[in-house]
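The next block holds one structure in the form of structure tokens; read it before the comments.
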Amino acid sequence: MIHLRRLLMPILFCIGYTLLLYYPINTSSGSLPPIGSFFNPFSGFWQNAEKTTPGGRINLSGMGIIDPVVIVFDERMVPHVYATDDLDLALLQGYLHAKDRLWQMDITARQASGRLAEIFGGRLLENDQRMRRMGLAKTAENLAKNWAACDDYKYLENYVAGVNYYINNLSKKEFPVEFKLFNYHPELWSIEKTAHVVMSMNLMLCGRNEDLAATNTRHLLGMKDFDDLFPKWNPKQSPIIPSEVDWSDSGNQKRKDQSVIGFRPERMINDAPRHIGSNNWAVQAGKTEDGFPILCNDPHLSLTLPSIWYEIQMKSEEYNAYGVSLPGIPHIAIGFNEYIAWGETNVGMDVSDLYEIEWVDSARNSYHLDGKVMNVSLEVEEFKVKNAAPVLDTIKQTIWGPVFFEEGRSLALQWLPNLVSDNCIIASFESLNRATNFLEYYESLRPFKSPAQNFIFASKEGDIALKVQGALPIKPAKEGRFILDGSKKGNEWSGYVPFESTPFVHNPVRGFVASANQHPTDTTYPYAYHGYFDDFRGRSLNERLHRMDKISIADMKALQNSTFDLSAAELLPLLLDLVVDTMDSSWLTDLKMWNHEFEGDAIAPVKFSLWENAFNDLIWDEISAGESTADAEMLYPELWRTIEMLEKTPDHPYFDLTGTSKVETAKDLALLSLDKSMHIYDSLTQDTPNLDWKTFRSVNINHLSRIPAFSIAGIDVGGTANALNSIKGTHGPSWRMIVQLSDPIKAWGIYPGGQSGNPGSPYYQNMISDWARGEYYELHFAASPDALKDFTSMTITIKS
């Protein structure tokens, strides 16, 4: 028996070890891949070491190319694709996107379609349910069907075919490392998956809703105080469209009164910060040193690895375009061709509303609407969950949209991207890639419905322009600022602002066009709106462009990388004036001498930030107390309103603290907050004596998997939210581009991360370091492969 046991032990050990090697290992925080498969030297992660080209080998035989094609990879592995036929370009762009960014495309589509729990388990089930309730998957399905009527559908089909050609020829050893790590296989791409990527873009750029927070805050403060603390217009604002523009021919909005609802305890999840921050501008030839128009664009988005963008040049007999594209979506989104340049920033208008549903009975399957009973439609969604049984969830659809909250009272969500199923944004990108003049640029924007963008333009002919384009809803009197009464149909939108009436300017007298997410127009615009607009960067940008003359490319680079914060320049002197006669210290001397630049190695920004935060905490104690007591989401007044109160009403009642018998003024709060911030600073500098801005405000670029080893943390870079170089903890300039419309066109650009989606790529660190230092690469915009011979890493020729 003992001998038998000794004989069986090694056999059982071998069986157990084999199972360990080839079966996933479940842990409390997730599932680990089979160790044997992951470490297999022939098909595991070792095969993902970066080779000659990012993403592995290139196999294009049998792809169905119509005419001969040449692909040149330059020194940064940017592909320059030279084809005769446009459909060949589509095939190859799809192939290249998949080759370098397949896992990024897959996970982006999964996130929007509510399918992350299939891969990562139950901890992401709630997020998946939220995506389906918001309608992303259903709208993507409708978009994919309706795109068949768009002009560019055949190109889209070929793009999908190019992605799938790569996937079908991919061996297991060539899977991107993330597929191996999370132990699943890539799925074939589809037009619907491209629509998922489009909906992911909408979620990021126009998915914000503050109706719940605004309603709660109004309930807490009362309407009079709410209107005082949350005015819709900053009198210092410098809008995107200059005030010289006459709106008399733009129609007039018919306003309806709205009935609104009171306090709500829930919290709305918003996927992006209130102000992400993007800039674009174009200056006419008469303002530049070399006598050519210059266009600049730096969209500020979530900083991720892989990057949101994919750099590429695409040339056929029809056009020659260069810029950045979105993996999963065909064409170039921001860029230039031989005649024009274009770019985008986010508009930020509020395009969603919450409606209170008045149920008929406790079954909650029918509701009241203008005295009639309406039945909901029920949609049962199935969610697959890794290592668990599927979960079913029933979504109730109303005339307003899906019921989003249903605990206690119920709220339905109306969200614009779910309503504009004719949103042919791919056709807009295709037309921009081909456009040769102002009129073609203008008409190319017509199919673009969401997310609304500030489309900027410059041409060799000397034109500059900017159009705020998207389906802009015409809302009732309160512009959907609060939760609305869903039992009254009069609270619905009244259509959309006509294309010809969306804000627009062409060749303004001032010699430039510019946007930085501020209000699109002044108060004379006939259509009412509200949204999430910046109050400092747009003013700073317009003021500086007004002053500038004989503008050089170096000037434009410096402007994109500017760390000057106008909010600090306005707030700090007011705070210093309140304490200067009471306190004197080296701490304050540093702030008095500071130039309001948030440079990475500067110490003064740390001190200012601590003081500003402490001061704001004291001012809005009424709101924070209400938020804590009621456990409800609240709004806080914007910084420009705080500055205005300090300037005009330093004895404003809200400067008085609620928990004291004394009646405080702004001066008292400035002293109290200064004392608090100095103590915090002393505590922080015990461990870090020379605490500078880059250390205090750490900037991280996280891998989409959130795996720390694949991410880059603690980047040495300056900038802050209200500077043109609007860098926050995980958000910042995702692509910087400067285009001089000379002959030939010259351009410069950079983005953090490089072309490859491979976490082991050496380009990651190199390009991030260059980006953080404010450096640029000259973009090789060449008419033929021969013109790239001095920059070529590899050339591939494909016969038809």
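Ordering of the structure tokens sets the chain letters (A, B, ...), residue numbers begin anew at 1 in every chain, and ligands are numbered from 1 in the order given.
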
Residue neighbourhood A:Met349, 7 Å, only C-alpha atoms, exclusion window fewer than 5 positions, as an mmCIF file with N, CA, C and O atoms, in the first residue's frame:
```cif
data_model
loop_
_atom_site.group_PDB
_atom_site.id
_atom_site.type_symbol
_atom_site.label_atom_id
_atom_site.label_comp_id
_atom_site.auth_asym_id
_atom_site.auth_seq_id
_atom_site.Cartn_x
_atom_site.Cartn_y
_atom_site.Cartn_z
ATOM 1 N N HIS A 530 -27.532 75.271 -23.140
ATOM 2 C CA HIS A 530 -26.557 75.314 -22.061
ATOM 3 C C HIS A 530 -25.677 74.082 -22.209
ATOM 4 O O HIS A 530 -25.946 73.189 -23.011
ATOM 5 N N GLY A 531 -24.590 74.072 -21.471
ATOM 6 C CA GLY A 531 -23.669 72.951 -21.597
ATOM 7 C C GLY A 531 -22.538 73.076 -20.618
ATOM 8 O O GLY A 531 -22.644 73.756 -19.588
ATOM 9 N N TYR A 532 -21.443 72.432 -20.950
ATOM 10 C CA TYR A 532 -20.296 72.333 -20.046
ATOM 11 C C TYR A 532 -19.122 73.030 -20.727
ATOM 12 O O TYR A 532 -18.333 72.408 -21.437
#
```

key: Close residues, A:Leu419 itself excluded, 12 Å, only C-alpha atoms, min 3 positions apart in chain, as a list of chain:residue names   = A:Met134, A:Gly135, A:Leu136, A:Lys138, A:Thr139, A:Ala140, A:Asn142, A:Leu143, A:Val351, A:Ser352, A:Ile399, A:Trp400, A:Gly401, A:Leu413, A:Gln414, A:Trp415, A:Leu416, A:Asp422, A:Asn423, A:Lys449, A:Ser450, A:Ala471, A:Leu472, A:Pro473, A:Trp493, A:Gly495, A:Tyr496

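As for atom CA of A:Ala602 and atom CA of A:Gly714, they are spaced 15.5 Å apart.
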
ask   = Contacts of A:Asp682 at 12 Å or less, counting only C-alpha atoms, minus same-chain residues fewer than 6 places along, as a ChimeraX atom specification?
value = /A:587,606-607,610,675-676,688-691

task = From stretch 446-666 of chain A, collect each residue whose DSSP state is strand (DSSP E or B) and return the set as a PyMOL selection string.
result = chain A and resi 453-459+464-469+473+484-485+496+504-506+512-515+531+551+564-565+597

task = Could you jot down the atom CA of A:Ala783 to atom CA of A:Lys315 separation for me, Å, one decimal place?
result =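 Between these atoms lies a distance of 7.9 Å.
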
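Atom CA of A:Pro417 is found 7.7 Å from atom CA of A:Met199.
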
query = So which one's closest to A:Asp549, A:Lys287, A:Thr660, A:Glu492, A:Ser302? Using only C-alpha atoms, please.
reply = A:Lys287

task = Tell me which of A:Asp361, A:Pro752, A:Tyr166, A:Ile334 sits closest to A:Glu187, counting only C-alpha atoms.
result =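 Selected residue with least distance to A:Glu187: A:Tyr166.
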
key: All helix (DSSP H, G or I) residues (DSSP, backbone) inside stretch 573-669 of chain A, as a PyMOL selection string   = chain A and resi 573-579+586-593+604-619+621-630+639-648+653-655+666-669

request  = Determine, counting only C-alpha atoms, which protein, DNA and RNA residues have an atom within 12 Å of an atom of A:Asp770; residues of the same chain fewer than 4 positions away are not included. Present the result as a PyMOL selection string.
outcome  = chain A and resi 715-717+736+749-754+763-766+774-777

Kindly save the residues from that selection, with all heavy atoms included, as a compact mmCIF listing (two decimals), in the first residue's frame.
```
# COMPACT_ATOMS: atom_id res chain seq x y z
N ILE A 715 4.81 61.09 -15.10
CA ILE A 715 5.46 61.70 -16.26
C ILE A 715 5.89 63.12 -15.92
O ILE A 715 5.14 63.88 -15.30
CB ILE A 715 4.51 61.68 -17.46
CG1 ILE A 715 4.18 60.22 -17.84
CG2 ILE A 715 5.11 62.40 -18.66
CD1 ILE A 715 3.05 60.09 -18.81
N ASP A 716 7.07 63.47 -16.31
CA ASP A 716 7.66 64.79 -16.04
C ASP A 716 7.09 65.79 -17.04
O ASP A 716 7.62 65.98 -18.14
CB ASP A 716 9.18 64.71 -16.14
CG ASP A 716 9.87 66.03 -15.79
OD1 ASP A 716 9.15 67.01 -15.52
OD2 ASP A 716 11.11 66.07 -15.79
N VAL A 717 5.99 66.46 -16.65
CA VAL A 717 5.33 67.38 -17.58
C VAL A 717 4.59 68.44 -16.77
O VAL A 717 4.12 68.20 -15.67
CB VAL A 717 4.35 66.60 -18.49
CG1 VAL A 717 3.22 65.97 -17.70
CG2 VAL A 717 3.81 67.49 -19.60
N ARG A 736 -1.01 66.63 -30.99
CA ARG A 736 -0.70 68.02 -31.32
C ARG A 736 -0.34 68.10 -32.79
O ARG A 736 0.54 67.36 -33.26
CB ARG A 736 0.45 68.55 -30.47
CG ARG A 736 0.15 68.70 -28.98
CD ARG A 736 1.26 69.47 -28.29
NE ARG A 736 1.05 69.58 -26.86
CZ ARG A 736 1.82 68.98 -25.94
NH1 ARG A 736 2.84 68.22 -26.33
NH2 ARG A 736 1.56 69.14 -24.67
N GLY A 749 3.75 67.29 -35.82
CA GLY A 749 2.80 66.68 -34.90
C GLY A 749 3.47 65.72 -33.94
O GLY A 749 4.63 65.33 -34.11
N ILE A 750 2.71 65.34 -32.91
CA ILE A 750 3.18 64.34 -31.96
C ILE A 750 2.00 63.87 -31.12
O ILE A 750 1.04 64.62 -30.90
CB ILE A 750 4.29 64.89 -31.04
CG1 ILE A 750 4.96 63.75 -30.25
CG2 ILE A 750 3.75 65.96 -30.09
CD1 ILE A 750 6.24 64.16 -29.54
N TYR A 751 2.04 62.63 -30.69
CA TYR A 751 1.09 62.16 -29.69
C TYR A 751 1.80 61.15 -28.80
O TYR A 751 2.78 60.52 -29.22
CB TYR A 751 -0.17 61.56 -30.32
CG TYR A 751 0.01 60.32 -31.14
CD1 TYR A 751 -0.12 59.06 -30.58
CD2 TYR A 751 0.27 60.41 -32.52
CE1 TYR A 751 0.01 57.91 -31.35
CE2 TYR A 751 0.40 59.27 -33.29
CZ TYR A 751 0.27 58.02 -32.70
OH TYR A 751 0.40 56.89 -33.47
N PRO A 752 1.33 60.99 -27.57
CA PRO A 752 2.04 60.11 -26.64
C PRO A 752 1.73 58.64 -26.89
O PRO A 752 0.58 58.23 -26.91
CB PRO A 752 1.50 60.55 -25.26
CG PRO A 752 0.14 61.09 -25.54
CD PRO A 752 0.22 61.70 -26.92
N GLY A 753 2.76 57.85 -27.16
CA GLY A 753 2.57 56.41 -27.23
C GLY A 753 3.05 55.72 -28.48
O GLY A 753 3.47 54.58 -28.43
N GLY A 754 2.97 56.36 -29.62
CA GLY A 754 3.45 55.71 -30.83
C GLY A 754 2.39 54.85 -31.50
O GLY A 754 1.27 54.66 -31.01
N TYR A 763 8.74 52.46 -28.69
CA TYR A 763 8.22 53.77 -29.11
C TYR A 763 7.38 54.41 -28.02
O TYR A 763 7.24 55.62 -27.96
CB TYR A 763 7.40 53.62 -30.39
CG TYR A 763 8.21 53.16 -31.57
CD1 TYR A 763 8.29 51.81 -31.89
CD2 TYR A 763 8.91 54.07 -32.36
CE1 TYR A 763 9.04 51.38 -32.98
CE2 TYR A 763 9.66 53.65 -33.44
CZ TYR A 763 9.72 52.29 -33.75
OH TYR A 763 10.46 51.87 -34.81
N TYR A 764 6.78 53.57 -27.15
CA TYR A 764 5.94 54.11 -26.09
C TYR A 764 6.69 55.18 -25.30
O TYR A 764 6.30 56.33 -25.23
CB TYR A 764 5.54 52.98 -25.13
CG TYR A 764 4.24 52.30 -25.44
CD1 TYR A 764 3.70 52.30 -26.72
CD2 TYR A 764 3.54 51.64 -24.44
CE1 TYR A 764 2.51 51.66 -26.99
CE2 TYR A 764 2.34 50.99 -24.70
CZ TYR A 764 1.83 50.99 -25.98
OH TYR A 764 0.65 50.37 -26.24
N GLN A 765 7.79 54.75 -24.67
CA GLN A 765 8.50 55.63 -23.77
C GLN A 765 9.14 56.79 -24.51
O GLN A 765 9.11 57.94 -24.05
CB GLN A 765 9.57 54.85 -23.00
CG GLN A 765 10.26 55.65 -21.91
CD GLN A 765 9.31 56.07 -20.82
OE1 GLN A 765 8.74 55.26 -20.12
NE2 GLN A 765 9.13 57.38 -20.65
N ASN A 766 9.72 56.53 -25.68
CA ASN A 766 10.40 57.58 -26.43
C ASN A 766 9.44 58.70 -26.83
O ASN A 766 9.73 59.89 -26.64
CB ASN A 766 11.07 57.00 -27.68
CG ASN A 766 12.20 56.05 -27.35
OD1 ASN A 766 12.71 56.05 -26.23
ND2 ASN A 766 12.57 55.21 -28.30
N GLY A 774 7.40 68.81 -25.00
CA GLY A 774 6.87 69.76 -25.98
C GLY A 774 7.55 69.70 -27.32
O GLY A 774 7.50 70.68 -28.08
N GLU A 775 8.15 68.58 -27.65
CA GLU A 775 8.81 68.44 -28.94
C GLU A 775 7.82 67.98 -30.02
O GLU A 775 6.74 67.48 -29.72
CB GLU A 775 9.98 67.45 -28.83
CG GLU A 775 11.07 67.93 -27.88
CD GLU A 775 12.24 66.96 -27.82
OE1 GLU A 775 12.26 66.01 -28.63
OE2 GLU A 775 13.12 67.15 -26.96
N TYR A 776 8.19 68.15 -31.26
CA TYR A 776 7.36 67.78 -32.40
C TYR A 776 8.20 67.00 -33.41
O TYR A 776 9.41 67.18 -33.50
CB TYR A 776 6.78 69.02 -33.10
CG TYR A 776 5.77 69.78 -32.30
CD1 TYR A 776 6.15 70.57 -31.22
CD2 TYR A 776 4.42 69.72 -32.62
CE1 TYR A 776 5.21 71.29 -30.48
CE2 TYR A 776 3.46 70.43 -31.90
CZ TYR A 776 3.87 71.21 -30.83
OH TYR A 776 2.93 71.92 -30.10
N TYR A 777 7.51 66.18 -34.21
CA TYR A 777 8.14 65.52 -35.34
C TYR A 777 7.64 66.18 -36.63
O TYR A 777 6.44 66.49 -36.74
CB TYR A 777 7.80 64.03 -35.38
CG TYR A 777 8.18 63.28 -34.14
CD1 TYR A 777 7.21 62.60 -33.39
CD2 TYR A 777 9.49 63.25 -33.69
CE1 TYR A 777 7.55 61.90 -32.25
CE2 TYR A 777 9.84 62.56 -32.53
CZ TYR A 777 8.87 61.88 -31.82
OH TYR A 777 9.21 61.21 -30.69
```

Fewer than 2 positions away in the same chain doesn't count, so skip those; otherwise give me all residues within 12 Å of A:Ile707, counting only C-alpha atoms, as a PDB file with N, CA, C and O atoms, in the first residue's frame.
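Generated file (selection24.pdb):
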```pdb
ATOM      1  N   GLU A 178      -2.632  41.069 -24.869  1.00  0.00           N
ATOM      2  CA  GLU A 178      -3.791  41.203 -23.990  1.00  0.00           C
ATOM      3  C   GLU A 178      -4.764  40.036 -24.169  1.00  0.00           C
ATOM      4  O   GLU A 178      -5.393  39.592 -23.203  1.00  0.00           O
ATOM      5  N   LEU A 181      -3.287  37.278 -22.196  1.00  0.00           N
ATOM      6  CA  LEU A 181      -3.342  37.520 -20.757  1.00  0.00           C
ATOM      7  C   LEU A 181      -4.752  37.310 -20.211  1.00  0.00           C
ATOM      8  O   LEU A 181      -4.934  36.733 -19.141  1.00  0.00           O
ATOM      9  N   PHE A 182      -5.762  37.755 -20.974  1.00  0.00           N
ATOM     10  CA  PHE A 182      -7.141  37.613 -20.509  1.00  0.00           C
ATOM     11  C   PHE A 182      -7.819  36.369 -21.083  1.00  0.00           C
ATOM     12  O   PHE A 182      -9.010  36.149 -20.859  1.00  0.00           O
ATOM     13  N   THR A 304      -4.241  57.401 -23.001  1.00  0.00           N
ATOM     14  CA  THR A 304      -4.243  55.955 -22.849  1.00  0.00           C
ATOM     15  C   THR A 304      -3.116  55.327 -23.658  1.00  0.00           C
ATOM     16  O   THR A 304      -2.580  55.916 -24.597  1.00  0.00           O
ATOM     17  N   LEU A 305      -2.788  54.124 -23.285  1.00  0.00           N
ATOM     18  CA  LEU A 305      -1.922  53.249 -24.067  1.00  0.00           C
ATOM     19  C   LEU A 305      -2.731  52.001 -24.389  1.00  0.00           C
ATOM     20  O   LEU A 305      -3.239  51.353 -23.475  1.00  0.00           O
ATOM     21  N   ILE A 701      -0.249  57.816 -17.813  1.00  0.00           N
ATOM     22  CA  ILE A 701      -0.889  57.324 -19.034  1.00  0.00           C
ATOM     23  C   ILE A 701      -1.105  55.834 -18.840  1.00  0.00           C
ATOM     24  O   ILE A 701      -0.158  55.039 -18.874  1.00  0.00           O
ATOM     25  N   ASN A 702      -2.350  55.471 -18.601  1.00  0.00           N
ATOM     26  CA  ASN A 702      -2.678  54.095 -18.242  1.00  0.00           C
ATOM     27  C   ASN A 702      -2.987  53.258 -19.474  1.00  0.00           C
ATOM     28  O   ASN A 702      -3.611  53.736 -20.426  1.00  0.00           O
ATOM     29  N   HIS A 703      -2.547  52.018 -19.418  1.00  0.00           N
ATOM     30  CA  HIS A 703      -2.941  51.073 -20.455  1.00  0.00           C
ATOM     31  C   HIS A 703      -4.430  50.790 -20.317  1.00  0.00           C
ATOM     32  O   HIS A 703      -4.986  50.832 -19.214  1.00  0.00           O
ATOM     33  N   LEU A 704      -5.110  50.529 -21.418  1.00  0.00           N
ATOM     34  CA  LEU A 704      -6.551  50.293 -21.390  1.00  0.00           C
ATOM     35  C   LEU A 704      -6.924  49.115 -20.503  1.00  0.00           C
ATOM     36  O   LEU A 704      -8.052  49.037 -20.004  1.00  0.00           O
ATOM     37  N   SER A 705      -6.002  48.194 -20.291  1.00  0.00           N
ATOM     38  CA  SER A 705      -6.259  47.049 -19.413  1.00  0.00           C
ATOM     39  C   SER A 705      -6.158  47.414 -17.942  1.00  0.00           C
ATOM     40  O   SER A 705      -6.522  46.621 -17.084  1.00  0.00           O
ATOM     41  N   ALA A 709       1.954  47.453 -15.046  1.00  0.00           N
ATOM     42  CA  ALA A 709       3.197  47.174 -15.767  1.00  0.00           C
ATOM     43  C   ALA A 709       3.134  47.640 -17.221  1.00  0.00           C
ATOM     44  O   ALA A 709       4.170  47.891 -17.838  1.00  0.00           O
ATOM     45  N   PHE A 710       1.944  47.771 -17.766  1.00  0.00           N
ATOM     46  CA  PHE A 710       1.778  48.229 -19.144  1.00  0.00           C
ATOM     47  C   PHE A 710       1.585  49.747 -19.218  1.00  0.00           C
ATOM     48  O   PHE A 710       1.484  50.307 -20.304  1.00  0.00           O
ATOM     49  N   SER A 711       1.460  50.408 -18.079  1.00  0.00           N
ATOM     50  CA  SER A 711       1.171  51.837 -18.007  1.00  0.00           C
ATOM     51  C   SER A 711       2.446  52.616 -17.701  1.00  0.00           C
ATOM     52  O   SER A 711       3.467  52.043 -17.318  1.00  0.00           O
ATOM     53  N   ILE A 712       2.384  53.922 -17.845  1.00  0.00           N
ATOM     54  CA  ILE A 712       3.522  54.785 -17.530  1.00  0.00           C
ATOM     55  C   ILE A 712       3.035  55.861 -16.565  1.00  0.00           C
ATOM     56  O   ILE A 712       2.112  56.622 -16.874  1.00  0.00           O
ATOM     57  N   ALA A 713       3.645  55.901 -15.387  1.00  0.00           N
ATOM     58  CA  ALA A 713       3.203  56.795 -14.321  1.00  0.00           C
ATOM     59  C   ALA A 713       4.269  57.851 -14.023  1.00  0.00           C
ATOM     60  O   ALA A 713       5.447  57.683 -14.346  1.00  0.00           O
ATOM     61  N   PRO A 759       2.394  46.628 -25.689  1.00  0.00           N
ATOM     62  CA  PRO A 759       2.935  47.271 -24.486  1.00  0.00           C
ATOM     63  C   PRO A 759       4.456  47.193 -24.378  1.00  0.00           C
ATOM     64  O   PRO A 759       5.057  47.960 -23.631  1.00  0.00           O
TER      65      PRO A 759
END
```

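When only C-alpha atoms are used to compute distances to A:Ala83, the closest of the residues A:Glu633, A:Glu356, A:Glu318, A:Asp687 turns out to be A:Glu318.
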
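Closest approach to A:Ser784 from the set A:Gln755, A:Asn183, A:Ser494, A:Asn320 is made by A:Asn320, with distances taken over only C-alpha atoms.
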
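Shortest separation to A:Cys206 among A:Ile768, A:Leu125, A:Ala452, A:Leu571 occurs at residue A:Ala452, atoms counted being only C-alpha atoms.
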